[in-house]
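Shown next: upload_25.txt, containing compact mmCIF, C-alpha atoms.
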```txt
# COMPACT_ATOMS: atom_id res chain seq x y z
CA MET C 1 9.28 122.26 137.22
CA TYR C 2 7.47 125.47 138.22
CA HIS C 3 4.36 124.44 136.29
CA GLU C 4 4.29 121.06 138.04
CA VAL C 5 4.52 122.67 141.49
CA VAL C 6 1.76 125.21 140.78
CA SER C 7 -0.58 122.60 139.27
CA ASN C 8 -0.12 120.47 142.40
CA LEU C 9 -1.24 123.24 144.79
CA PRO C 10 -4.64 122.83 146.48
CA PRO C 11 -7.41 125.31 145.58
CA LEU C 12 -7.03 128.70 147.28
CA ALA C 13 -10.56 128.54 148.72
CA SER C 14 -9.76 125.26 150.50
CA LEU C 15 -6.54 126.71 151.92
CA ARG C 16 -8.37 129.82 153.18
CA ALA C 17 -11.00 127.65 154.86
CA PHE C 18 -8.31 125.49 156.48
CA GLU C 19 -6.26 128.47 157.70
CA ALA C 20 -9.28 130.19 159.28
CA ALA C 21 -10.62 126.99 160.86
CA ALA C 22 -7.17 126.06 162.19
CA ARG C 23 -6.71 129.51 163.72
CA HIS C 24 -10.15 129.53 165.37
CA LEU C 25 -10.41 125.77 165.95
CA SER C 26 -13.99 126.26 164.82
CA PHE C 27 -15.70 125.73 161.46
CA ARG C 28 -18.46 128.13 162.52
CA ALA C 29 -16.07 130.97 163.39
CA ALA C 30 -14.19 130.38 160.12
CA ALA C 31 -17.47 130.61 158.19
CA GLU C 32 -18.34 133.91 159.88
CA GLU C 33 -14.92 135.35 159.09
CA LEU C 34 -15.07 134.29 155.44
CA SER C 35 -18.75 135.27 155.01
CA VAL C 36 -19.76 131.78 153.84
CA THR C 37 -21.84 129.00 155.35
CA GLN C 38 -20.45 126.52 157.86
CA SER C 39 -21.25 123.70 155.44
CA ALA C 40 -19.17 125.43 152.76
CA VAL C 41 -16.15 125.53 155.12
CA SER C 42 -16.67 121.86 155.99
CA HIS C 43 -16.88 120.96 152.29
CA GLN C 44 -13.72 122.92 151.41
CA ILE C 45 -11.73 121.28 154.21
CA ALA C 46 -13.00 117.82 153.28
CA GLU C 47 -11.90 118.46 149.69
CA LEU C 48 -8.46 119.59 150.93
CA GLU C 49 -8.11 116.47 153.09
CA ARG C 50 -9.09 114.30 150.12
CA ARG C 51 -6.53 116.03 147.93
CA LEU C 52 -3.75 115.74 150.53
CA GLY C 53 -4.68 112.20 151.50
CA VAL C 54 -4.53 112.89 155.25
CA PRO C 55 -7.04 114.16 157.86
CA LEU C 56 -6.33 117.66 159.09
CA PHE C 57 -8.92 117.88 161.87
CA VAL C 58 -10.40 115.62 164.52
CA ARG C 59 -14.11 116.42 164.59
CA THR C 60 -16.06 116.12 167.84
CA SER C 61 -19.64 117.04 168.67
CA ARG C 62 -18.68 120.46 170.07
CA ARG C 63 -15.37 121.47 168.49
CA VAL C 64 -12.56 120.51 166.15
CA GLU C 65 -8.89 119.91 166.86
CA LEU C 66 -5.90 119.74 164.56
CA THR C 67 -4.39 116.37 163.80
CA GLU C 68 -0.61 115.99 163.75
CA ALA C 69 -0.66 116.60 160.01
CA GLY C 70 -2.91 119.65 160.44
CA ALA C 71 -0.64 121.15 163.10
CA LEU C 72 2.34 120.62 160.80
CA TYR C 73 0.57 122.18 157.81
CA GLN C 74 -0.90 125.25 159.55
CA PRO C 75 2.23 127.45 159.94
CA TYR C 76 3.19 126.94 156.29
CA VAL C 77 -0.26 127.97 155.06
CA ARG C 78 -0.37 130.92 157.48
CA GLU C 79 3.05 132.13 156.31
CA ALA C 80 2.01 131.79 152.67
CA PHE C 81 -1.03 134.03 153.21
CA ASP C 82 1.08 136.53 155.15
CA ARG C 83 3.57 136.67 152.26
CA ILE C 84 0.78 137.17 149.72
CA ALA C 85 -0.65 140.00 151.83
CA GLN C 86 2.77 141.65 152.08
CA GLY C 87 3.34 141.37 148.35
CA THR C 88 -0.09 142.75 147.60
CA SER C 89 0.57 145.76 149.83
CA LEU C 90 3.85 146.45 148.00
CA VAL C 91 2.24 146.19 144.58
CA THR C 92 -0.77 148.35 145.44
CA LEU C 93 1.14 150.93 147.49
CA GLY C 94 0.25 154.32 146.13
CA ALA C 95 -2.30 152.91 143.70
CA PRO C 96 -5.23 155.27 143.17
CA ALA C 97 -8.43 154.43 145.03
CA ARG C 98 -11.18 152.95 142.91
CA GLU C 99 -14.54 154.66 143.17
CA LEU C 100 -17.93 152.98 143.24
CA ASP C 101 -21.05 155.13 143.02
CA VAL C 102 -23.91 153.28 144.72
CA GLN C 103 -27.53 154.32 144.16
CA VAL C 104 -29.70 153.31 147.13
CA TYR C 105 -33.01 154.42 148.63
CA VAL C 106 -32.53 156.72 151.57
CA THR C 107 -34.40 154.37 153.95
CA VAL C 108 -32.30 151.37 152.94
CA ALA C 109 -29.14 153.45 153.30
CA VAL C 110 -29.98 154.73 156.79
CA ARG C 111 -31.64 151.66 158.27
CA TRP C 112 -29.79 148.76 156.59
CA LEU C 113 -26.72 149.58 154.49
CA ILE C 114 -24.80 152.22 156.45
CA PRO C 115 -24.74 150.32 159.79
CA ARG C 116 -22.87 147.46 158.09
CA LEU C 117 -20.93 149.30 155.36
CA TYR C 118 -17.81 149.50 157.53
CA SER C 119 -17.21 145.78 157.05
CA PHE C 120 -16.98 146.33 153.27
CA THR C 121 -14.70 149.38 153.43
CA SER C 122 -12.46 147.59 155.94
CA ALA C 123 -12.11 144.57 153.67
CA HIS C 124 -11.63 146.72 150.55
CA PRO C 125 -9.88 149.94 151.59
CA ASP C 126 -8.90 150.62 147.97
CA VAL C 127 -12.56 151.06 146.96
CA LYS C 128 -14.03 154.48 147.69
CA VAL C 129 -17.80 154.13 148.05
CA ARG C 130 -20.02 157.10 147.24
CA LEU C 131 -23.69 156.76 148.19
CA ASN C 132 -26.32 158.39 146.01
CA THR C 133 -29.56 158.27 147.98
CA SER C 134 -32.96 158.53 146.35
CA HIS C 135 -36.48 157.79 147.49
CA LEU C 136 -38.37 158.52 144.27
CA ASP C 137 -36.47 156.72 141.50
CA TRP C 138 -37.49 153.07 141.44
CA GLU C 139 -35.21 152.25 138.52
CA PHE C 140 -31.45 152.21 138.03
CA ALA C 141 -30.14 155.63 136.92
CA GLU C 142 -27.23 154.14 134.96
CA GLY C 143 -26.04 157.53 133.77
CA GLU C 144 -25.45 158.71 137.34
CA SER C 145 -24.37 155.60 139.31
CA ASP C 146 -22.25 152.48 138.83
CA VAL C 147 -24.51 150.14 140.76
CA ALA C 148 -27.92 150.35 142.42
CA VAL C 149 -29.94 148.54 145.05
CA VAL C 150 -33.34 148.55 143.36
CA CYS C 151 -36.79 147.23 144.22
CA THR C 152 -38.58 146.56 140.94
CA ASP C 153 -40.78 144.20 138.97
CA ARG C 154 -38.94 145.06 135.74
CA PRO C 155 -35.31 143.94 136.20
CA ASP C 156 -34.74 143.05 132.54
CA ARG C 157 -33.65 146.29 130.94
CA PRO C 158 -31.43 146.62 127.84
CA GLY C 159 -27.79 147.23 128.72
CA THR C 160 -28.12 146.38 132.42
CA HIS C 161 -27.37 143.31 134.53
CA ALA C 162 -29.57 142.48 137.53
CA THR C 163 -28.52 140.19 140.38
CA PRO C 164 -31.44 139.02 142.57
CA LEU C 165 -30.85 139.86 146.22
CA PHE C 166 -33.94 138.89 148.19
CA ASP C 167 -37.73 138.89 148.39
CA ALA C 168 -39.05 141.12 151.17
CA THR C 169 -42.32 140.94 153.10
CA LEU C 170 -44.70 143.72 154.15
CA VAL C 171 -45.83 144.07 157.75
CA ALA C 172 -47.93 146.59 159.69
CA VAL C 173 -46.03 148.11 162.62
CA CYS C 174 -46.73 150.65 165.33
CA SER C 175 -45.43 151.76 168.70
CA PRO C 176 -46.26 149.59 171.74
CA ALA C 177 -48.33 152.49 173.09
CA ILE C 178 -50.55 152.50 169.98
CA ALA C 179 -50.98 148.72 170.12
CA HIS C 180 -52.15 148.71 173.74
CA ALA C 181 -53.86 152.09 174.20
CA GLY C 182 -57.64 152.23 174.60
CA MET C 183 -59.30 149.37 172.69
CA GLY C 184 -55.87 148.41 171.36
CA LEU C 185 -55.01 146.97 167.99
CA ARG C 186 -56.00 143.29 168.04
CA GLN C 187 -57.35 142.69 164.52
CA PRO C 188 -57.07 144.41 161.12
CA ALA C 189 -60.58 145.90 161.45
CA ASP C 190 -59.28 147.98 164.37
CA LEU C 191 -57.22 150.00 161.87
CA VAL C 192 -60.31 152.11 161.26
CA ASN C 193 -59.50 153.85 164.56
CA HIS C 194 -55.91 154.67 163.63
CA SER C 195 -53.96 156.73 161.13
CA LEU C 196 -52.29 154.78 158.34
CA LEU C 197 -48.79 156.07 157.64
CA GLN C 198 -48.53 155.31 153.93
CA LEU C 199 -46.17 156.15 151.07
CA TYR C 200 -47.64 158.02 148.14
CA THR C 201 -44.78 156.53 146.10
CA ALA C 202 -45.91 152.94 146.91
CA VAL C 203 -49.68 153.10 147.37
CA ASP C 204 -50.10 149.65 145.80
CA GLU C 205 -48.12 148.01 148.62
CA ALA C 206 -50.43 149.28 151.36
CA GLN C 207 -53.46 148.29 149.29
CA ALA C 208 -52.04 144.78 148.76
CA TRP C 209 -51.51 144.37 152.50
CA LEU C 210 -55.01 145.66 153.35
CA ARG C 211 -56.56 143.24 150.84
CA ALA C 212 -54.62 140.34 152.34
CA ALA C 213 -55.75 141.42 155.82
CA GLY C 214 -59.39 141.40 154.65
CA VAL C 215 -59.96 145.14 155.11
CA PRO C 216 -59.43 146.70 151.64
CA GLN C 217 -61.99 149.42 152.36
CA ILE C 218 -60.12 150.87 155.35
CA THR C 219 -58.26 154.12 154.80
CA GLY C 220 -57.65 154.99 158.46
CA SER C 221 -59.08 157.73 160.65
CA GLY C 222 -56.70 160.36 159.30
CA THR C 223 -54.49 159.03 156.54
CA VAL C 224 -51.01 160.57 156.42
CA ARG C 225 -48.74 159.92 153.45
CA PHE C 226 -44.95 160.24 153.10
CA ASP C 227 -42.38 160.13 150.33
CA SER C 228 -40.09 157.55 152.03
CA TYR C 229 -40.34 154.59 154.37
CA LEU C 230 -37.83 156.37 156.62
CA LEU C 231 -40.37 159.08 157.50
CA ALA C 232 -43.24 156.61 157.89
CA ILE C 233 -41.18 154.42 160.24
CA GLU C 234 -40.07 157.36 162.36
CA ALA C 235 -43.68 158.54 162.60
CA ALA C 236 -44.73 155.05 163.71
CA ILE C 237 -42.02 154.96 166.38
CA ASP C 238 -43.25 158.36 167.55
CA GLY C 239 -46.74 156.91 168.06
CA GLN C 240 -48.44 158.74 165.20
CA GLY C 241 -50.08 155.71 163.59
CA VAL C 242 -49.57 152.38 161.81
CA ALA C 243 -47.04 151.98 158.99
CA ILE C 244 -47.08 149.20 156.38
CA VAL C 245 -43.42 148.64 155.51
CA PRO C 246 -40.89 146.01 154.33
CA SER C 247 -40.06 143.96 157.43
CA PHE C 248 -36.26 144.02 156.94
CA LEU C 249 -36.28 147.79 157.41
CA VAL C 250 -37.78 147.49 160.90
CA ALA C 251 -36.19 144.22 162.06
CA ALA C 252 -33.97 145.96 164.64
CA ASP C 253 -36.89 148.04 165.96
CA LEU C 254 -39.04 144.92 166.38
CA ARG C 255 -36.21 143.18 168.24
CA ASN C 256 -35.61 146.06 170.65
CA GLY C 257 -39.29 146.79 171.22
CA ARG C 258 -39.44 150.24 169.69
CA LEU C 259 -42.05 148.86 167.29
CA VAL C 260 -44.47 145.93 167.41
CA ALA C 261 -46.38 144.04 164.71
CA PRO C 262 -49.61 143.18 166.57
CA LEU C 263 -51.80 142.06 163.66
CA GLY C 264 -49.82 139.00 162.51
CA VAL C 265 -50.41 139.62 158.79
CA GLU C 266 -47.29 139.49 156.60
CA ILE C 267 -47.35 139.28 152.80
CA PRO C 268 -44.70 139.22 150.04
CA GLN C 269 -43.72 142.66 148.80
CA PRO C 270 -45.01 142.95 145.21
CA ARG C 271 -41.58 143.88 143.87
CA ARG C 272 -38.28 142.03 144.25
CA TRP C 273 -34.93 143.49 145.36
CA TYR C 274 -32.00 143.47 142.92
CA LEU C 275 -28.46 144.78 142.55
CA MET C 276 -28.22 146.39 139.12
CA CYS C 277 -25.30 147.67 137.07
CA ARG C 278 -24.39 148.31 133.47
CA SER C 279 -23.77 145.07 131.61
CA GLU C 280 -20.21 146.00 130.65
CA GLN C 281 -19.31 146.67 134.29
CA ARG C 282 -20.63 143.45 135.82
CA ASP C 283 -17.18 141.79 136.02
CA GLN C 284 -15.13 144.79 137.13
CA PRO C 285 -13.35 144.09 140.46
CA PRO C 286 -15.07 146.78 142.60
CA MET C 287 -18.44 145.65 141.27
CA VAL C 288 -17.74 141.98 141.97
CA GLN C 289 -16.42 142.77 145.45
CA PHE C 290 -19.46 144.88 146.36
CA ARG C 291 -21.87 142.30 144.89
CA ASP C 292 -20.26 139.41 146.78
CA TRP C 293 -20.22 141.39 150.03
CA LEU C 294 -23.84 142.49 149.65
CA ARG C 295 -25.02 138.94 148.99
CA SER C 296 -23.13 137.73 152.07
CA GLN C 297 -24.98 140.35 154.15
CA VAL C 298 -28.31 139.13 152.77
CA ALA C 299 -27.31 135.53 153.54
CA ASP C 300 -26.37 136.51 157.10
CA ASP C 301 -29.78 138.13 157.59
CA ALA C 302 -31.51 135.00 156.29
CA ARG C 303 -29.59 132.83 158.76
CA VAL C 304 -30.57 135.11 161.65
CA GLN C 305 -34.24 134.92 160.68
CA THR C 306 -34.22 131.12 160.55
CA SER C 307 -32.15 130.55 163.70
```

Please, can you express the file's structure as structure tokens?
Amino acid sequence: MYHEVVSNLPPLASLRAFEAAARHLSFRAAAEELSVTQSAVSHQIAELERRLGVPLFVRTSRRVELTEAGALYQPYVREAFDRIAQGTSLVTLGAPARELDVQVYVTVAVRWLIPRLYSFTSAHPDVKVRLNTSHLDWEFAEGESDVAVVCTDRPDRPGTHATPLFDATLVAVCSPAIAHAGMGLRQPADLVNHSLLQLYTAVDEAQAWLRAAGVPQITGSGTVRFDSYLLAIEAAIDGQGVAIVPSFLVAADLRNGRLVAPLGVEIPQPRRWYLMCRSEQRDQPPMVQFRDWLRSQVADDARVQTS
């Protein structure tokens, strides 16, 4: 009898989508809460309705409303999730925190990861995250960290598993004052009158951008080089020159006007971004949780860029 009841239960993902959408009366809000797309929520609910054989929502152009069946079903599903949460708390009470050592470049940590890390630690309070920042090591130091956010063109290494995260683009940025002072910065050739704030750890990236801009011979009026994008970006904000950097690291500064990208040249970053871990750890719960969360953050950024 027990087996028959369990086998007749709808998929957990569909129930989660229904519970969130019923609580918010919005597929969009449910998608944001669950860190999935709105179409995924719609698909899960449609599958649940097909399985139950009754409509749960009335869909209009601007919102959704519960049907009689949906209103009847909601409190039972909500109570079931509450009971599961209570049981989980009892089982895990006093359980030791799980640690996850994350290797990440200092610029990515400061300007991208840390501002949003609270959402991960809030969702997974049993996972203790330890950040290991580095700006020189472009490969995964598997002997020192559990997982790494790595920008590389060699992801296939023995004993490691690499999950593609995203492809970044390179853009030249500077302060508004630099862009508009004197003769201004209207075309790539104008870079000859400005300092280029480059990384000596990623010289090829600046050269690739300059080639794409049609000015490979330009080195700037007083080239300054740094060991991290963080320093180059801060120098650009301070009005010290033009920095060629991955655009996702300066997205917030471009939105709030601290930086501008006046030349309109944007090229793919030569290397791709990955999440890397040891092969034997790829399916461990903290690893899976961090990987899923990180990919949801990347997906959120992609939606913002296309909206």

Worksheet item: Which neighbours of range 285-294 of chain C fall inside 8 Å, counting only C-alpha atoms, when residues of the same chain fewer than 3 positions from it are skipped, and could you give them as a list in words?
Response: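 Result of the neighbour search: Arg98, Glu99, Leu100, Phe120, Val127, Val147, Leu275, Gln281, Arg282, Gln297 and Val298 of chain C.
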
Worksheet item: Which residues, protein or nucleic acid, reach to within 8 Å of (-11.6, 123.8, 165.6) in the file's coordinates when using all atoms listed in the file, and can you give that as a list in words?
Response: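 Applying the cut-off with all atoms listed in the file, one gets Ala21, Ala22, Arg23, His24, Leu25, Ser26, Phe27, Phe57, Arg59, Arg63, Val64, Glu65 and Leu66 of chain C.
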
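Between CA of Gly214 in chain C and CA of Ala261 in chain C the separation is 16.7 Å.
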
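The space separating CA of Leu170 in chain C from CA of Thr37 in chain C comes to 27.2 Å.
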
Using only C-alpha atoms, can you list as a PDB file with C-alpha atoms, in the frame of the given file the residues within 10 Å of (-4.6, 127.8, 158.6)?
```pdb
ATOM      1  CA  SER C  14      -9.760 125.260 150.500  1.00  0.00           C
ATOM      2  CA  LEU C  15      -6.540 126.710 151.920  1.00  0.00           C
ATOM      3  CA  ARG C  16      -8.370 129.820 153.180  1.00  0.00           C
ATOM      4  CA  ALA C  17     -11.000 127.650 154.860  1.00  0.00           C
ATOM      5  CA  PHE C  18      -8.310 125.490 156.480  1.00  0.00           C
ATOM      6  CA  GLU C  19      -6.260 128.470 157.700  1.00  0.00           C
ATOM      7  CA  ALA C  20      -9.280 130.190 159.280  1.00  0.00           C
ATOM      8  CA  ALA C  21     -10.620 126.990 160.860  1.00  0.00           C
ATOM      9  CA  ALA C  22      -7.170 126.060 162.190  1.00  0.00           C
ATOM     10  CA  ARG C  23      -6.710 129.510 163.720  1.00  0.00           C
ATOM     11  CA  HIS C  24     -10.150 129.530 165.370  1.00  0.00           C
ATOM     12  CA  LEU C  25     -10.410 125.770 165.950  1.00  0.00           C
ATOM     13  CA  GLY C  70      -2.910 119.650 160.440  1.00  0.00           C
ATOM     14  CA  ALA C  71      -0.640 121.150 163.100  1.00  0.00           C
ATOM     15  CA  TYR C  73       0.570 122.180 157.810  1.00  0.00           C
ATOM     16  CA  GLN C  74      -0.900 125.250 159.550  1.00  0.00           C
ATOM     17  CA  PRO C  75       2.230 127.450 159.940  1.00  0.00           C
ATOM     18  CA  TYR C  76       3.190 126.940 156.290  1.00  0.00           C
ATOM     19  CA  VAL C  77      -0.260 127.970 155.060  1.00  0.00           C
ATOM     20  CA  ARG C  78      -0.370 130.920 157.480  1.00  0.00           C
ATOM     21  CA  GLU C  79       3.050 132.130 156.310  1.00  0.00           C
ATOM     22  CA  ALA C  80       2.010 131.790 152.670  1.00  0.00           C
ATOM     23  CA  PHE C  81      -1.030 134.030 153.210  1.00  0.00           C
TER      24      PHE C  81
END
```

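Of the residues listed (C:Arg211, C:His194, C:Arg111, C:Arg62), C:Arg111 shows the shortest atom-to-atom separation from Tyr229 in chain C; distances use all atoms listed in the file.
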
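Ranking C:Asn132, C:Thr152, C:Gln217, C:Gln269 by their shortest atom-to-atom distance to Leu191 in chain C, with only C-alpha atoms included, puts C:Gln217 first.
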
Item to complete: Write out as an MDAnalysis selection string each polymer residue whose atoms come within 10 Å of Ser39 in chain C, counting all atoms listed in the file; drop sequence neighbours fewer than 6 positions from it.
Response: chainID C and resid 27:28 31 45

Discussion item. Restricting the calculation to all atoms listed in the file: of C:Val102, C:Arg272, C:Val171, C:Ala46, which residue gets closest to Asp146 in chain C?
Written reply: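 Selected residue with least distance to Asp146 in chain C: C:Val102.
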
How big is the axis-aligned box, and where does its centre sit, when it encloses all atoms of range 196-213 of chain C listed in the file and has 5 Å added on every side, reported in Å to one decimal as AutoDock Vina command-line options?
```
--center_x -50.7 --center_y 149.2 --center_z 152.1 --size_x 21.8 --size_y 27.7 --size_z 22.5
```

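The two atoms in question, CA of Leu259 in chain C and CA of Cys174 in chain C, are spaced 5.4 Å apart.
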
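Between Ser119 in chain C and the candidates C:Asp167, C:Asp301, C:Glu68, C:Glu33, the tightest atom-to-atom separation, counting all atoms listed in the file, involves C:Glu33.
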
Item to complete: Just the residues within 12 Å of Gly257 in chain C, please, counting all atoms listed in the file, with nothing from its chain fewer than 4 positions along; format it as a ChimeraX atom specification.
Response: /C:173-177,179,237,250-253,261-262

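Considering all atoms listed in the file, the residue among C:Ile114, C:Leu48, C:Leu165, C:Ala29 positioned nearest to Leu9 in chain C is C:Leu48.
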
Fill in: Shortest interatomic distance to Gln187 in chain C - which of C:Pro55, C:Pro125, C:Gly264, C:Pro216, counting all atoms listed in the file
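The closest residue to Gln187 in chain C is C:Gly264.
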
Because some atoms of range 107-124 of chain C are absent here, can you restore N, CA and C atoms and send them as an mmCIF file, in the coordinates of the input?
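Writing done, so here's out.cif:
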```cif
data_model
loop_
_atom_site.group_PDB
_atom_site.id
_atom_site.type_symbol
_atom_site.label_atom_id
_atom_site.label_comp_id
_atom_site.auth_asym_id
_atom_site.auth_seq_id
_atom_site.Cartn_x
_atom_site.Cartn_y
_atom_site.Cartn_z
ATOM 1 N N THR C 107 -34.027 155.212 152.806
ATOM 2 C CA THR C 107 -34.400 154.370 153.950
ATOM 3 C C THR C 107 -33.482 153.169 154.068
ATOM 4 N N VAL C 108 -33.188 152.539 152.932
ATOM 5 C CA VAL C 108 -32.300 151.370 152.940
ATOM 6 C C VAL C 108 -30.899 151.785 153.366
ATOM 7 N N ALA C 109 -30.467 152.964 152.920
ATOM 8 C CA ALA C 109 -29.140 153.450 153.300
ATOM 9 C C ALA C 109 -29.053 153.662 154.811
ATOM 10 N N VAL C 110 -30.033 154.355 155.378
ATOM 11 C CA VAL C 110 -29.980 154.730 156.790
ATOM 12 C C VAL C 110 -30.218 153.533 157.707
ATOM 13 N N ARG C 111 -31.196 152.688 157.342
ATOM 14 C CA ARG C 111 -31.640 151.660 158.270
ATOM 15 C C ARG C 111 -31.055 150.271 157.995
ATOM 16 N N TRP C 112 -30.327 150.090 156.881
ATOM 17 C CA TRP C 112 -29.790 148.760 156.590
ATOM 18 C C TRP C 112 -28.337 148.796 156.104
ATOM 19 N N LEU C 113 -28.042 149.628 155.114
ATOM 20 C CA LEU C 113 -26.720 149.580 154.490
ATOM 21 C C LEU C 113 -25.638 150.239 155.330
ATOM 22 N N ILE C 114 -25.848 151.473 155.748
ATOM 23 C CA ILE C 114 -24.800 152.220 156.450
ATOM 24 C C ILE C 114 -24.338 151.533 157.737
ATOM 25 N N PRO C 115 -25.227 150.968 158.564
ATOM 26 C CA PRO C 115 -24.740 150.320 159.790
ATOM 27 C C PRO C 115 -23.773 149.169 159.559
ATOM 28 N N ARG C 116 -23.762 148.593 158.354
ATOM 29 C CA ARG C 116 -22.870 147.460 158.090
ATOM 30 C C ARG C 116 -21.825 147.754 157.019
ATOM 31 N N LEU C 117 -21.833 148.979 156.464
ATOM 32 C CA LEU C 117 -20.930 149.300 155.360
ATOM 33 C C LEU C 117 -19.467 149.274 155.772
ATOM 34 N N TYR C 118 -19.190 149.485 157.064
ATOM 35 C CA TYR C 118 -17.810 149.500 157.530
ATOM 36 C C TYR C 118 -17.108 148.178 157.249
ATOM 37 N N SER C 119 -17.846 147.072 157.301
ATOM 38 C CA SER C 119 -17.210 145.780 157.050
ATOM 39 C C SER C 119 -16.736 145.674 155.603
ATOM 40 N N PHE C 120 -17.438 146.341 154.672
ATOM 41 C CA PHE C 120 -16.980 146.330 153.270
ATOM 42 C C PHE C 120 -15.763 147.230 153.101
ATOM 43 N N THR C 121 -15.819 148.453 153.622
ATOM 44 C CA THR C 121 -14.700 149.380 153.430
ATOM 45 C C THR C 121 -13.449 148.892 154.148
ATOM 46 N N SER C 122 -13.627 148.145 155.250
ATOM 47 C CA SER C 122 -12.460 147.590 155.940
ATOM 48 C C SER C 122 -11.815 146.486 155.119
ATOM 49 N N ALA C 123 -12.639 145.668 154.482
ATOM 50 C CA ALA C 123 -12.110 144.570 153.670
ATOM 51 C C ALA C 123 -11.561 145.055 152.343
ATOM 52 N N HIS C 124 -12.060 146.203 151.856
ATOM 53 C CA HIS C 124 -11.630 146.720 150.550
ATOM 54 C C HIS C 124 -11.289 148.208 150.674
#
```
